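Visitor: As input, take start_19.txt (compact mmCIF, C-alpha atoms):
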# COMPACT_ATOMS: atom_id res chain seq x y z
CA MET A 4 9.12 -66.78 57.49
CA GLY A 5 10.38 -65.32 54.32
CA VAL A 6 12.80 -62.51 54.41
CA SER A 7 11.66 -59.44 52.35
CA SER A 8 14.22 -57.95 50.06
CA PHE A 9 14.99 -54.26 50.09
CA THR A 10 17.48 -51.99 48.44
CA CYS A 11 19.70 -49.56 50.23
CA TYR A 12 20.44 -46.21 48.59
CA SER A 13 23.49 -44.27 49.49
CA GLU A 14 23.47 -40.53 50.03
CA ALA A 15 25.33 -40.05 46.72
CA ASP A 16 22.56 -41.89 44.83
CA SER A 17 19.96 -39.68 46.45
CA ILE A 18 21.77 -36.52 45.38
CA LYS A 19 22.02 -37.78 41.77
CA ALA A 20 18.31 -38.55 41.70
CA ARG A 21 17.45 -35.06 42.92
CA ARG A 22 19.71 -33.50 40.24
CA ARG A 23 17.98 -35.53 37.51
CA MET A 24 14.60 -34.29 38.70
CA ILE A 25 15.79 -30.68 38.72
CA ARG A 26 17.19 -30.98 35.15
CA THR A 27 13.91 -32.49 33.95
CA ASN A 28 11.92 -29.60 35.44
CA ILE A 29 14.28 -27.03 33.93
CA ARG A 30 13.95 -28.57 30.45
CA SER A 31 10.17 -28.63 30.62
CA ASN A 32 10.06 -24.97 31.72
CA LYS A 33 12.39 -23.92 28.92
CA GLY A 34 10.20 -25.62 26.31
CA GLN A 35 7.15 -23.81 27.62
CA GLN A 36 8.95 -20.46 27.46
CA ILE A 37 9.99 -21.06 23.84
CA SER A 38 6.43 -21.80 22.72
CA GLU A 39 5.13 -18.69 24.50
CA PHE A 40 7.88 -16.55 22.95
CA ALA A 41 7.06 -17.87 19.45
CA ALA A 42 3.39 -16.91 19.83
CA ALA A 43 4.35 -13.45 21.08
CA LEU A 44 6.79 -13.03 18.18
CA VAL A 45 4.08 -13.84 15.62
CA LEU A 46 1.73 -11.29 17.20
CA LEU A 47 4.52 -8.71 17.26
CA VAL A 48 5.24 -9.20 13.54
CA PHE A 49 1.60 -9.05 12.43
CA LEU A 50 0.43 -6.29 14.76
CA PHE A 51 3.51 -4.04 14.79
CA PHE A 52 6.19 -4.65 12.18
CA ILE A 53 3.95 -5.21 9.14
CA PRO A 54 1.72 -2.14 9.83
CA LEU A 55 4.87 -0.11 10.49
CA LEU A 56 6.37 -1.24 7.18
CA ASP A 57 3.12 -0.39 5.38
CA LEU A 58 3.01 3.07 6.94
CA GLY A 59 6.61 3.63 5.86
CA ILE A 60 6.34 2.51 2.23
CA MET A 61 3.06 4.19 1.27
CA PRO A 62 4.26 7.81 1.76
CA VAL A 63 7.38 6.96 -0.27
CA ARG A 64 5.26 5.67 -3.15
CA PHE A 65 2.95 8.68 -2.88
CA PHE A 66 5.74 11.25 -3.10
CA LEU A 67 7.47 9.41 -5.95
CA ALA A 68 4.19 9.34 -7.88
CA GLN A 69 3.64 13.02 -7.13
CA GLU A 70 7.08 13.87 -8.48
CA ILE A 71 6.43 11.98 -11.73
CA ILE A 72 3.04 13.67 -12.21
CA ALA A 73 4.54 17.12 -11.52
CA SER A 74 7.28 16.61 -14.11
CA TYR A 75 4.71 15.45 -16.66
CA ALA A 76 2.46 18.47 -15.97
CA ARG A 77 5.47 20.68 -16.63
CA LYS A 78 6.11 18.86 -19.90
CA LEU A 79 2.51 19.41 -21.05
CA SER A 80 2.56 23.11 -20.15
CA LEU A 81 5.53 23.61 -22.49
CA CYS A 82 3.68 22.39 -25.59
CA GLU A 83 3.17 24.91 -28.38
CA SER A 84 -0.62 24.72 -28.32
CA LEU A 85 -3.34 23.38 -26.06
CA SER A 86 -4.31 20.85 -28.71
CA GLN A 87 -0.80 19.42 -28.61
CA SER A 88 -1.00 19.04 -24.84
CA PHE A 89 -4.23 17.06 -24.98
CA ALA A 90 -3.03 15.01 -27.94
CA LEU A 91 0.18 14.14 -26.11
CA MET A 92 -1.78 13.18 -23.01
CA ASP A 93 -4.07 10.88 -25.02
CA ALA A 94 -1.39 9.26 -27.17
CA ASP A 95 1.56 8.94 -24.84
CA PRO A 96 1.29 6.11 -22.27
CA SER A 97 4.58 6.98 -20.57
CA LEU A 98 2.93 8.61 -17.53
CA GLU A 99 0.86 5.54 -16.76
CA THR A 100 3.82 3.26 -17.45
CA ARG A 101 6.15 5.19 -15.17
CA LEU A 102 3.61 5.14 -12.34
CA ILE A 103 3.09 1.39 -12.67
CA ARG A 104 6.85 0.80 -12.68
CA LEU A 105 7.07 2.36 -9.22
CA GLY A 106 5.46 -0.77 -7.87
CA GLY A 107 2.30 -0.67 -5.81
CA VAL A 108 0.87 2.31 -7.75
CA GLN A 109 -2.03 1.63 -10.13
CA PRO A 110 -3.38 4.67 -12.06
CA LYS A 111 -7.12 4.55 -12.72
CA ASN A 112 -8.11 7.89 -14.26
CA ILE A 113 -5.98 10.71 -15.70
CA VAL A 114 -7.50 14.16 -16.24
CA LEU A 115 -5.89 17.20 -17.88
CA ARG A 116 -7.45 20.66 -17.73
CA LEU A 117 -6.58 24.32 -18.09
CA ILE A 118 -7.58 26.61 -15.22
CA ILE A 119 -7.86 30.33 -16.03
CA THR A 120 -8.14 32.70 -13.07
CA GLN A 121 -8.38 36.47 -12.92
CA THR A 122 -5.56 38.05 -10.97
CA ARG A 123 -7.76 41.00 -10.00
CA LEU A 124 -11.16 41.23 -8.35
CA PRO A 125 -13.63 39.58 -8.60
CA ASN A 126 -11.12 36.72 -9.21
CA GLU A 127 -13.41 34.78 -11.50
CA ARG A 128 -12.27 31.41 -12.79
CA ILE A 129 -13.11 29.04 -15.63
CA ILE A 130 -11.98 25.49 -16.34
CA VAL A 131 -11.24 24.30 -19.87
CA THR A 132 -11.26 20.56 -20.50
CA GLU A 133 -10.72 20.51 -24.28
CA PRO A 134 -8.95 22.64 -26.91
CA LYS A 135 -10.55 25.59 -28.73
CA LYS A 136 -13.13 26.16 -25.98
CA ILE A 137 -11.74 29.28 -24.31
CA PRO A 138 -14.23 32.18 -24.43
CA ARG A 139 -12.91 35.29 -26.20
CA ASP A 140 -13.09 37.38 -23.02
CA TRP A 141 -10.57 35.02 -21.40
CA PHE A 142 -7.92 35.35 -24.10
CA PRO A 143 -4.56 36.84 -23.03
CA GLU A 144 -5.76 40.26 -24.26
CA GLY A 145 -9.48 39.79 -23.51
CA LYS A 146 -11.79 41.70 -21.20
CA LYS A 147 -11.04 39.46 -18.22
CA THR A 148 -7.29 40.07 -18.25
CA PRO A 149 -4.93 39.98 -16.51
CA CYS A 150 -5.34 36.23 -16.01
CA GLU A 151 -3.28 33.32 -14.80
CA TYR A 152 -3.23 30.23 -17.03
CA ILE A 153 -2.46 27.00 -15.18
CA MET A 154 -2.29 23.46 -16.51
CA GLU A 155 -3.53 20.93 -13.96
CA LEU A 156 -2.90 17.22 -14.25
CA SER A 157 -4.69 14.96 -11.79
CA VAL A 158 -4.45 11.19 -11.46
CA ASP A 159 -6.79 8.93 -9.51
CA CYS A 160 -4.72 5.98 -8.41
CA GLN A 161 -4.53 3.16 -5.92
CA ILE A 162 -1.41 2.90 -3.76
CA ALA A 163 -0.84 -0.45 -2.13
CA PRO A 164 1.02 -1.05 1.15
CA ALA A 165 4.19 -3.11 1.20
CA MET A 166 2.25 -6.26 2.12
CA LEU A 167 -1.43 -6.96 1.61
CA LEU A 168 -2.81 -9.22 4.32
CA ARG A 169 -5.77 -11.38 3.38
CA TYR A 170 -8.48 -12.00 5.95
CA GLY A 171 -11.56 -13.99 5.06
CA GLY A 172 -14.37 -11.57 4.28
CA VAL A 173 -12.65 -8.60 5.95
CA ASN A 174 -11.69 -5.52 3.91
CA ILE A 175 -9.49 -2.94 5.61
CA VAL A 176 -8.15 -0.09 3.47
CA GLY A 177 -4.40 0.12 3.88
CA LEU A 178 -4.10 -3.39 5.29
CA THR A 179 -6.01 -5.80 3.05
CA GLU A 180 -6.51 -3.50 0.05
CA ALA A 181 -4.87 -0.50 -1.63
CA VAL A 182 -5.65 3.07 -0.61
CA PRO A 183 -7.28 5.38 -3.21
CA PHE A 184 -5.59 8.74 -3.78
CA ARG A 185 -6.04 11.69 -6.12
CA ILE A 186 -2.67 13.23 -6.91
CA ALA A 187 -2.67 16.58 -8.72
CA ALA A 188 0.10 18.81 -10.04
CA THR A 189 0.00 22.21 -11.70
CA SER A 190 2.30 24.16 -14.00
CA PRO A 191 1.91 27.65 -15.58
CA TRP A 192 1.10 27.66 -19.29
CA GLU A 193 4.08 29.22 -21.06
CA ASN A 194 3.06 30.09 -24.64
CA LEU A 195 0.67 33.08 -24.63
CA GLY A 196 1.63 34.25 -28.12
CA ARG A 197 -0.28 34.20 -31.38
CA ASN A 198 0.06 31.86 -34.30
CA PRO A 199 1.59 33.96 -37.14
CA ILE A 200 -0.42 32.00 -39.71
CA THR A 201 -3.90 31.77 -38.14
CA LYS A 202 -3.49 34.92 -35.96
CA GLY A 203 -5.13 33.00 -33.13
CA TYR A 204 -3.69 32.42 -29.69
CA PHE A 205 -1.73 29.21 -29.32
CA ILE A 206 -3.46 28.59 -25.99
CA ASN A 207 -6.80 28.25 -27.78
CA GLU A 208 -5.60 26.11 -30.68
Kindly return the structure encoded in the file as structure tokens.

Guide:
Amino acid sequence: MGVSSFTCYSEADSIKARRRMIRTNIRSNKGQQISEFAAALVLLVFLFFIPLLDLGIMPVRFFLAQEIIASYARKLSLCESLSQSFALMDADPSLETRLIRLGGVQPKNIVLRLIITQTRLPNERIIVTEPKKIPRDWFPEGKKTPCEYIMELSVDCQIAPAMLLRYGGVNIVGLTEAVPFRIAATSPWENLGRNPITKGYFINE
């Protein structure tokens, strides 16, 4: 008869083996937790932090653009004549340039007009979109007086969020594409006097 061989393990060896098994289980659990945390972190960034950043930057860009448009409307209302205001608006690209330099603001259409409103009943109003088109009754000393003369400058523009996310075939305003806005500013027309040479009102020249 052959004698079978066997190995004897001491109690110390058994304890070491159990410790190795415990360490192996701990390492495998930690790796699983890291992968789960990474997935949760990606979802947190895309679903919370990026929309929050977009919501924070767009109002800032809007108010900065509004401030620039308001200052430009004030500049146009201080021109000597209405013709000069429209000529300055057509020839001077500084308004568009300043809006673009804000970053994320793209002007599309700029409109200048003069709004004349009666300050007494029946509070009629007319809108003038080019020089020398004011009816005689609406002159500073016409039949419709007293009137309020207001220059209005409006800009149709697109304001982009801080980050535009691209999804295949999906268009979401404010997330994948810029948001359209119309920003308007007004300023009282200052020069209601007459031209000493032509005797006409500067506001209608």

Visitor: Might you pull out every residue within 12 Å of Thr148 of chain A, with only C-alpha atoms counted and same-chain residues fewer than 2 positions away left off, and present them as a ChimeraX atom specification?

Guide: /A:119-128,139-146,150-152

Visitor: Those residues you just picked out, can you put them in a file as a PDB file, in the frame of the given file with C-alpha atoms?

Guide:
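File written: out-v1.pdb
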ATOM      1  CA  ILE A 119      -7.860  30.330 -16.030  1.00  0.00           C
ATOM      2  CA  THR A 120      -8.140  32.700 -13.070  1.00  0.00           C
ATOM      3  CA  GLN A 121      -8.380  36.470 -12.920  1.00  0.00           C
ATOM      4  CA  THR A 122      -5.560  38.050 -10.970  1.00  0.00           C
ATOM      5  CA  ARG A 123      -7.760  41.000 -10.000  1.00  0.00           C
ATOM      6  CA  LEU A 124     -11.160  41.230  -8.350  1.00  0.00           C
ATOM      7  CA  PRO A 125     -13.630  39.580  -8.600  1.00  0.00           C
ATOM      8  CA  ASN A 126     -11.120  36.720  -9.210  1.00  0.00           C
ATOM      9  CA  GLU A 127     -13.410  34.780 -11.500  1.00  0.00           C
ATOM     10  CA  ARG A 128     -12.270  31.410 -12.790  1.00  0.00           C
ATOM     11  CA  ARG A 139     -12.910  35.290 -26.200  1.00  0.00           C
ATOM     12  CA  ASP A 140     -13.090  37.380 -23.020  1.00  0.00           C
ATOM     13  CA  TRP A 141     -10.570  35.020 -21.400  1.00  0.00           C
ATOM     14  CA  PHE A 142      -7.920  35.350 -24.100  1.00  0.00           C
ATOM     15  CA  PRO A 143      -4.560  36.840 -23.030  1.00  0.00           C
ATOM     16  CA  GLU A 144      -5.760  40.260 -24.260  1.00  0.00           C
ATOM     17  CA  GLY A 145      -9.480  39.790 -23.510  1.00  0.00           C
ATOM     18  CA  LYS A 146     -11.790  41.700 -21.200  1.00  0.00           C
ATOM     19  CA  CYS A 150      -5.340  36.230 -16.010  1.00  0.00           C
ATOM     20  CA  GLU A 151      -3.280  33.320 -14.800  1.00  0.00           C
ATOM     21  CA  TYR A 152      -3.230  30.230 -17.030  1.00  0.00           C
TER      22      TYR A 152
END

Visitor: Work out how far atom CA of Ala181 of chain A is from atom CA of Lys78 of chain A, in Å to one decimal.

Guide: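 Separation of atom CA of Lys78 of chain A and atom CA of Ala181 of chain A: 28.8 Å.
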
Visitor: Report, in Å to a single decimal, how far apart atom CA of Leu67 of chain A and atom CA of Arg104 of chain A are.

Guide: 10.9 Å

Visitor: Return the single residue from A:Arg197, A:Arg77, A:Arg185, A:Lys202 that is closest to Ile162 of chain A, with distances computed using only C-alpha atoms.

Guide: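 When distances to Ile162 of chain A are compared using only C-alpha atoms, the smallest one comes from A:Arg185.
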
Visitor: Would you work out the distance separating atom CA of Thr189 of chain A from atom CA of Val108 of chain A, expressed in Å to one decimal?

Guide: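 Computing the Euclidean distance for atom CA of Thr189 of chain A and atom CA of Val108 of chain A yields 20.3 Å.
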
Visitor: Which residue, A:Asn198, A:Ser84, A:Ser74, A:Ser157, has the smallest gap to Ser97 of chain A when you use all atoms listed in the file?

Guide: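 Using all atoms listed in the file, Ser97 of chain A sits closest to A:Ser74.
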
Visitor: Which is closest to Leu98 of chain A among A:Leu195, A:Ile60, A:Val131, A:Ile113, if we use only C-alpha atoms?

Guide: A:Ile113

Visitor: List as a list in words: which residues have an atom within 10 Å of (1.7, 26.6, -12.3), counting only C-alpha atoms?

Guide: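 Applying the cut-off with only C-alpha atoms, one gets Ala73, Ala76, Arg77, Ser80, Ile118, Glu151, Tyr152, Ile153, Met154, Glu155, Ala188, Thr189, Ser190, Pro191, Trp192 and Glu193 of chain A.
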
Visitor: Around all the atoms of segment 67-80 of chain A listed in the file, with 3 Å of room on each side, what axis-aligned box do you get, giving centre and edge lengths in Å to one decimal, as AutoDock Vina command-line options?

Guide:
--center_x 5.0 --center_y 16.2 --center_z -13.5 --size_x 11.0 --size_y 19.8 --size_z 21.1

Visitor: Find the residues around Val114 of chain A up to 9 Å (all atoms listed in the file counted), leave out those fewer than 3 positions away in its own chain, and share them as number ranges by chain.

Guide: A: 92, 132, 155-159
